[in-house]
Structure formats: C-alpha cells, structure tokens
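Visitor: If you scroll down you'll find the structure; I have some questions about it.
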Amino acid sequence: MNNSSTYGDFKQMAAGDYTEKQFETDIEYSLCTDGGYVRGNPEQFNRTLALDTETLLTFIKTTQPKEWKKYTSIYGSESEKAFLERFTRETARTGIIRVLRQGINDRGCRFRVIYRKPETAINEESKERYEQNILHCTRQLHYSPANENSLDIVLFVNGIPVVSIELKNQFTGQNAANAIGQYRFDRNSRDPIFEFKQRIIVHFAIDLCNVYMTTRLNGAKTKFIPFNQGSNGAGEVGGAGNPLTYDRYQTSYLWEKVLTKDCLLEILHKYLHIKTETVTDSNGKTEIKETLIFPRYHQLDVVTKLLSDVKENGAGKNYLIQHSAGSGKSNSIAWLAHRLSGLHDSSDEKIFKSTIVVTDRKVLDSQLQDTIYQFDHVQGVVVKIDKNSKQLRDAINSGAGIIITTLQKFPVIFKEIRSENRNFAVIVDEAHSSQTGEAAKKLKTALADTEEILEEYAKAELEEEEKRPDEEDKLVAEIAAQGQHKNLSFFAFTATPKDKTLQMFGVRQPDGTYRAYHIYSMRQAIEEGFILDVLKNYMTYSMYYRIIKNIPDDPELDTAAGIKAIRRYESLHPHNLAQKTAIMVEHFRNRTKNQIGGRAKAMVVTPSRLHAVRYCFEFKRYIKDKGYTDLDVLVAFSGEITDDGTTWTEEKINRTKSGEQIKEKQLPKEFHENFNILIVAEKYQTGFDEPYLHTMFVDKKLSGVKAVQTLSRINRTAEGKESTFVLDFVNSAEDIQKAFQQYYEATILAEETDPNVLYDLKYTLDDFRVYREPEINSFAEIFFADKEEMGRLSATLRPAMDRFAAKSPEDRETFRTTLSRFIRIYGFITQVCRMFDPDLHKFSAYAKFLSTVLPKGEKVTVDLDDKILLQYYRLEKNFAGSIVMDRHDDYSIDPIKGEAGAKKEKKDTLTKLLDRINEKFGTDFTEMDKVLLQIENDIRAEESLVNFAQNNDERVFRPVFEKVFKDIAIQRYEQNDEFFIRMFNDSSFMQYTMDLMRSDIYRKIRTAQV
C-alpha cells in the first residue's frame, strides 16, 4: 500500500506545535509509512468484546476461506457471532498468547488468528500468509463500555489489541510519570481491553526521553519498569535513560524498531511467555502468581544482534555477554537458545545441529523447559542430561534441539561423539566459573570438526604431519582442538568477567584490548531499579587489639605461618566472637528485623568452617541468655569440622523449631520460611537468591569477584524491600570500592596474554635439569597411544622424581611452583589460540603427570594458642554511609603474566611477629580496653577451681566459677575502680562479663592451657 499521499501532511509540523497530539501524529506516521501498519478506525472497535471485529473477521475469511466455508456450513448465519464468542471463551480459558500462537478450534474447524514469519524462504505460501497479517495503528481509542475514556494509541494485529501507548510531552509540563499515573488511577483493569492475558499484552508510558512498560494493570499497585536503551545505547557502557539524539526523538527506537510489524510479530511468537511462581505474603499465605514476560530492551537487543551476527558469519565465533545481576539473564538464555535452535542461514540451511546450554543452576532447566514449551507447544524440545554421559552422547547424536547439561558431563564422552554434520551452539551460564581448565578443552574436542582442523594443521606444517605414526593421531587431534573452530559458537554470559574469560570469549578491539560483545552494566541495573545498591548503606568497623607473649621463651617461627596463627588466635578468641555477636544480634533486632514488613533476614559471612560453628553457638548462647524469642540462626558449611574433640556437620547443628534435623537440601526453604540469620562459610555466597535477605555481616576478607558475588546476595528486589545494609568487620570502604569498580560498568582486558610466556616458564624449568628430552618423548609415545599403561608411564617419570629429590628445599619449591604455573597458563592459552607446537604440547602432558607425582612441600603450621594472650581489644565504627563508584567507560584489568618462582621463606621470633601485628592493629588503649587479663590470671591460679573444671562439665562449673569470679573482682576493685564500679552497678554487664570469660577459661583448663 502506498501511504505517501495519505500521510504527507504529517511531515508538515505547524510552527510552535509542540503538543501531545503532534507526538501522536509523528508516531503514527512512522508506523504507517515504514513500520508495516495502516491507520486504524476507532469506530470499528467493539468495546464489550475488546476487538476490532470487522478486521478480525475479514482476516479469517480472506486467509482461510476453505475453513470458513466449512464453519458456515455448521453455524450458517450465526457464524460471525459464533466465531467471536468462541474466540472470547478460548482466550479467557487459555490466554491470548496461546490463541495467537496456536489459534482456536471449534467443532472440527481450526483457525489461525495470526501468521508467523517463516524461518526460511522455501515455502512461498507461508510467506504470502505472513504478508496478509493486518496491523493497525489506532489513535484516541475509546475502549470502555462504561465511560468515554480513551487511549492515545492502540496497536492491533488482525483486529486484536496487543499494545497500548500513553504519551506525555515535557513541553506541556508532563512526562512519563504522568502517563504511569493515568494507567494506575484512570484505567480500570476490569475493562475487557485490559483483562490480564486476554487482550492487550503490553502497555507503554512514553515521553520525549524515556519509555516505561508493564504487562498487567492492577490499579495503584501497577508496576512499570524501564524500557530504555541505556544512556549510551543498548549493549554499551552507561547508566539508565537513553542517548541524546538530534535528528529524532530519544524514544523513537520504540516505534522505529520494536513496534514495527516484523519485530512485534516476532516478539508475540518467540519471546512472550507466562512465568508462574508460588509466593508467600507477610501473613504466611501462599498463592500462585502469574507474570507475563515481555523482553526488556537490552534482552531483545542482545538476542537480535547475536542472531544477526551468526546468520551473517555462521558458526565459529565466540561471544561474551556481560550482563549484570538483575538483567534477566535466565530469560535471555532461554530466548537465545530457542532462536539458535531454529536459526537458518541465507541459503535456508539450519546453522546448528544442537544448542547446548551449560549451567550449574537447576532453576534454569525448569525455566527453559516451561518457557520453550510455551513457544512451540511440543514436548521434548529441551533434553535435560541428568543421568549419565551416554544420555548426553545420545542426545547430541540424535540432533536434539536444545540440550541442558553441566560441563562435568563432557570429558567422559568427548572421544565418542560422532563428527558428521556437527555445528553446535554452546551457551555458557556464568562463563568464568565453568569454562576454564581441562574440562572446557575436552568439551571443544568433543564438538570440534576434527577433519577440517587436521587439514589446516597439516598445511601449516607443510603437509609433513600427515606422515605421523598412528600413535600420534591423538596428540594432533588435541592440538587441533585448541582455540576457535568453525563449527563451534560459544555464547558466554557472566556479570563479572575475569581476564581469562575476556580473552577467551571477548571481542578484540583495534587498540588491542578485549571487551564483551554486549554489556548491561551493574550501574544501569541499579539505576533502573532491577537490583539494589548494596554499597548504599555500608558500615565498617576497625578492630584494635594487642596480643602478648605468655611464655618465657622466644621461639623462631616461619613468618607467614606465625602471623596466620596469631590472626587466627585473635579471630577465634571468645571475646572477639562475643563482641561481634552482640553487635550483630542487636543490630538485627533494632534495625534489620523491621525491614520488608518484618520479613528481613541476614547472612553472616565467616572465614572458615570453625568460625562458622563457633559463631553459631555464640549466637545461640547470646540469644538464649538475653531471652530473645523472635530470632534464630542456621549455619551452612560443607563436610565436617572438629572443635575441642567434637565433630560437627551442618545437619548435626541445624534443627527446626520442633527439634527435627534439617537436611542440607531443606536449608534454603527453612531459612526462607522460619529463620532469621544464616551463618555461612564458603557456602551460599554465590547463586543463592533469597529475596528477603536484607543485611550482610562480613567477618571475612573479600576482594575482586568474590567481594562482588558475596555482597550481591542481598541485591535482589522484593515487594517491600527498599534498601540493604552491610556491616563489615574486616574490609575497608576503599577495599570494597576497588573490588566493585572493576565490574560496575564494563570490564576490559588491557591486552591479550602473550602466548610466549609459556616458553619463558619452560626455559626456567629447563634450567633446573630435572627432566630430559628423551624421557618426555618416551612418556608422550606411551600417553598418546591408544592404550595407556600406567606402569610404563610411571617408569618414564621416575628419573625426574629422583633428580627433584636431590635438589635443595628452595629449588624444589621454586620448581614445583613454576611447574604448576606452566600447567595452569598452558590450559588457558591453548583455549584462546593455537600454538601449533607439538613439542610444547607433549611437555604439557608430561608436566601435568610429573606435578601429580612430585612430593608436595611441607605446609608449615604453627599453634600458638597456649603461648600468647589477648591483652587489649576494642571495636570502633569508622565508616558509615555510601560507597560511591567512579563513573567512566571501562575498567581495565591486566593480562596473565608468566612470572616464575616461589615465595622466599622468612623466619622471625615470636616477639617480632607480635610487634608487627600489634603495630598494625593496635592503638592507644586504656584500662577499660583490657580483656580482664588480671581476673583471668587470678582465677586460673585458683587450684581448687582448676581441679573442679577438669572433672565436671561446663554447666556444673558455672555456679562455682561465678562465686570465685565475684570474690576476685572485689579483691581487684581498688586497682581499677572505674571498670569495677561499672560492673558492680550493672548486673547485666556483670553477667555478660562472667559468661564471656567462663567458656574461655573452662576451655583452656580442660585442654591444659594453664
């Protein structure tokens, strides 16, 4: 249709006409000239049925005349009425999305109400039917049977309303917030056109600068979210909003890209889905909540750009997608997987045999299954690998569309996968956590088109490689499998890319740096409100203490081990744990507990399993002694830990309110429903999404990715959750700012890792003369043969082991450390580029086995618990407020270096080590800061009390201890009257002090530390 004459007058904007009406006119003009629409007639709209009935019936009769003829033979003159009634009943029962995709059935007649764009151009009839879809742009639609309210613009597909738009214009003193208010307060969600899942799918509130959307009107509770590109454009570094434009509206991308015929129909068929979840309100009542998911702009943009690039370039490229938490990554992966599985090239050939999703998140599997079923309504499109490697092999060989698995399943079967017609798309969830190391290399070997790569390798070696003996075939195949391949496309999603991830999957820039293919930054996610800023309310404490020697000798100790032992002694000291526990519990009760409608929870991050266990019991003791009945704790750690002769596990400690043991898999649910505080040690610091987690108490050193991932446990949004809080006993505000800065906007690898660092390391290793070249060749001849023989392999390694044993301790440690570094860097570099060096590859295999058989250096451990005492201790709050990120385009990280060598061992006397510690953590102490050392020494000198403790449990020991404590405290009264006046005048402080010292003294007596 030629619209130029009809809409020519739209181009002539009256002088000074900056009204909302002109805004409408410009959008209508764009859609009706370039967007594939025609102008709609609002008079044709049936308000009761919420349909343009004339257009819908015209479409049905025109595109499906045979079926309509059959239908009229059944219903006769009532056919049109019967069809409209059936359409309304079907949408009410199954939802508009299913009707749009699957059509409706009535007494053996099946009608399509919309035709999707075919994946290929082979079927001319499908193309013609797609072109027959009728899209209307209708202005000022009066929609309600009850009043004359109107919508600025409604977009129809074949007479069915699918999009509504309310426009506001800053030049008239209004903006998108006013449009949102209109939707919330002036639009009745019970009007037929607004009924959830039955008519309009998405509502847009638009002004000159911003776009917001919602998929469900619910009065004042209606939630609109941003539908903006980002301040520097989609996929680029920046914050919220849209980039400035001077030749069009800042929001014109919506009608020029998203709402055009092709894009809108694609969204209707390949993106929209219903998310179903069970939610619990503040009263404990559960209900099923349904959410209609419409893609956010960055999600639509990344999938569109990836598909376009693959369609143009075919298989063989790697793509890194740096999308922050809150980006909706699971949906992006589901949409991408579905689209890649059906993607065809310009010759209408399918590009990928299978799309493989590699993830450790169980929730992603069920989400993929459910989402993709809604697209195709066919079972079995997604194959979950949850049994064994044979199941995975069979799924790949049978050409399953989408396969979801864990990386660990690949190494077992990489030799067995057939090689014919094998292009694969591999989507990696959280790239850095699963895609480095030997398993990833074997995945590539499993999927690589080895024949083509071998040919390339042979040419590079002047065809000499074709003459290699059979036993070297495996070696060549492994070398050829390294680096990129024409038949493998990797799509790596991560919020926090490391240097290896950037070089392996990132895009090399003209200046030699590497960056992600597409970016949705943490800054943008925070500014758009999809995650909370965990650094906004941050408090740090400084810990000051002085530790003294408790023995006359002054032993010489390994410096590193000695300092570690002193810090461990301090961090596990009962006084330290008790002081911090009191701060955490009281903060939780006074502040955290009242957040999120009384549902807020806290996590305590500890440095070790022993810390977690002791903290757990200290929390329980403090809560019980205070008589608090409104909070309880759980502990989470892996394996077993022994403390004072008792072995603890997570399940042994955790109990329900009724006293039943809580199994490991039950813990997340129990924590969500019945507990307030979770104490963790290297568990639940990543991948744990508890929406009511509001506060984090940190008693562990954090840096880099670990800091971001750990603190991000509390950034999830939830109804009623408006803030977060972090109380940090260990890290400074500057430390945390530095860790987050790297991932706040975009992470850039300054330059690629130089593969030649491998030779530098190899030369260093050669200089030790531990191995010989013939030994490496003998090893390789056996190892790369079809049948590996452990006995013969071991014999080739024995000479090197003997030479290593004859070296000095310093040389052994340097060689061992350098060898390990070579193995790690080789494993990484050979994934990002091909070395074409068979000798180096042979050595890498030899080095890996040699490293495993060399005796490990003795780990120096020092136990100082009976040799030192905590004399002074003070906790001071030193920072409270927001940690502010710098705003710049990127943050560069350095590439991997190949330095060799080991750390030099140092030794110091215990006195010098204590001086160093006390200088760093000490301050000007007063007598009030002293940890009751005088009383402790006096009590431990009471022989009768010592004998009593050694022969009774702590419960019986308590009343005897308290009597002795008070007697000695009276004796010490005159020496420190300020402190003891406070203690005798405050009974709770007296009891707290006795409780604090009792367990520590009892433990020391029982373990003969007197």
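Ordering of the structure tokens sets the chain letters (A, B, ...); residue numbers start at 1 within each chain; ligands are numbered from 1 in the order shown.
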For Arg187 of chain A, work out the shell of residues within 12 Å, counting only C-alpha atoms and skipping chain neighbours fewer than 5 positions away, then give it as number ranges by chain.
Guide: A: 142-144, 146-151, 164, 166, 179-182, 192-195, 203, 216-220, 222
Visitor: Name all residues at most 12 Å from Asp802 of chain A (count only C-alpha atoms; drop same-chain ones fewer than 2 positions away) and give them as a list of chain:residue names.
Guide: A:Arg769, A:Val770, A:Tyr771, A:Ala795, A:Thr796, A:Leu797, A:Arg798, A:Pro799, A:Ala800, A:Phe804, A:Ala805, A:Ala806, A:Lys807, A:Arg812, A:Leu850, A:Val853, A:Leu854, A:Pro855
Visitor: Give me, please, the distance in Å between atom CA of Phe59 of chain A and atom CA of Lys197 of chain A, quoted to one decimal.
Guide: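 Computing the Euclidean distance for atom CA of Phe59 of chain A and atom CA of Lys197 of chain A yields 21.9 Å.
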Visitor: Which of these residues is nearest to Gly35 of chain A, using only C-alpha atoms: A:Asp262, A:Glu618, A:Asp499, A:Glu936?
Guide: A:Asp262
Visitor: Choose the residue, out of A:Asn756, A:Thr88, A:Asn423, A:Gln709, that has the smallest atom-to-atom separation from Ile396 of chain A; count only C-alpha atoms.
Guide: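 Of all the options, A:Asn423 lies closest to Ile396 of chain A.
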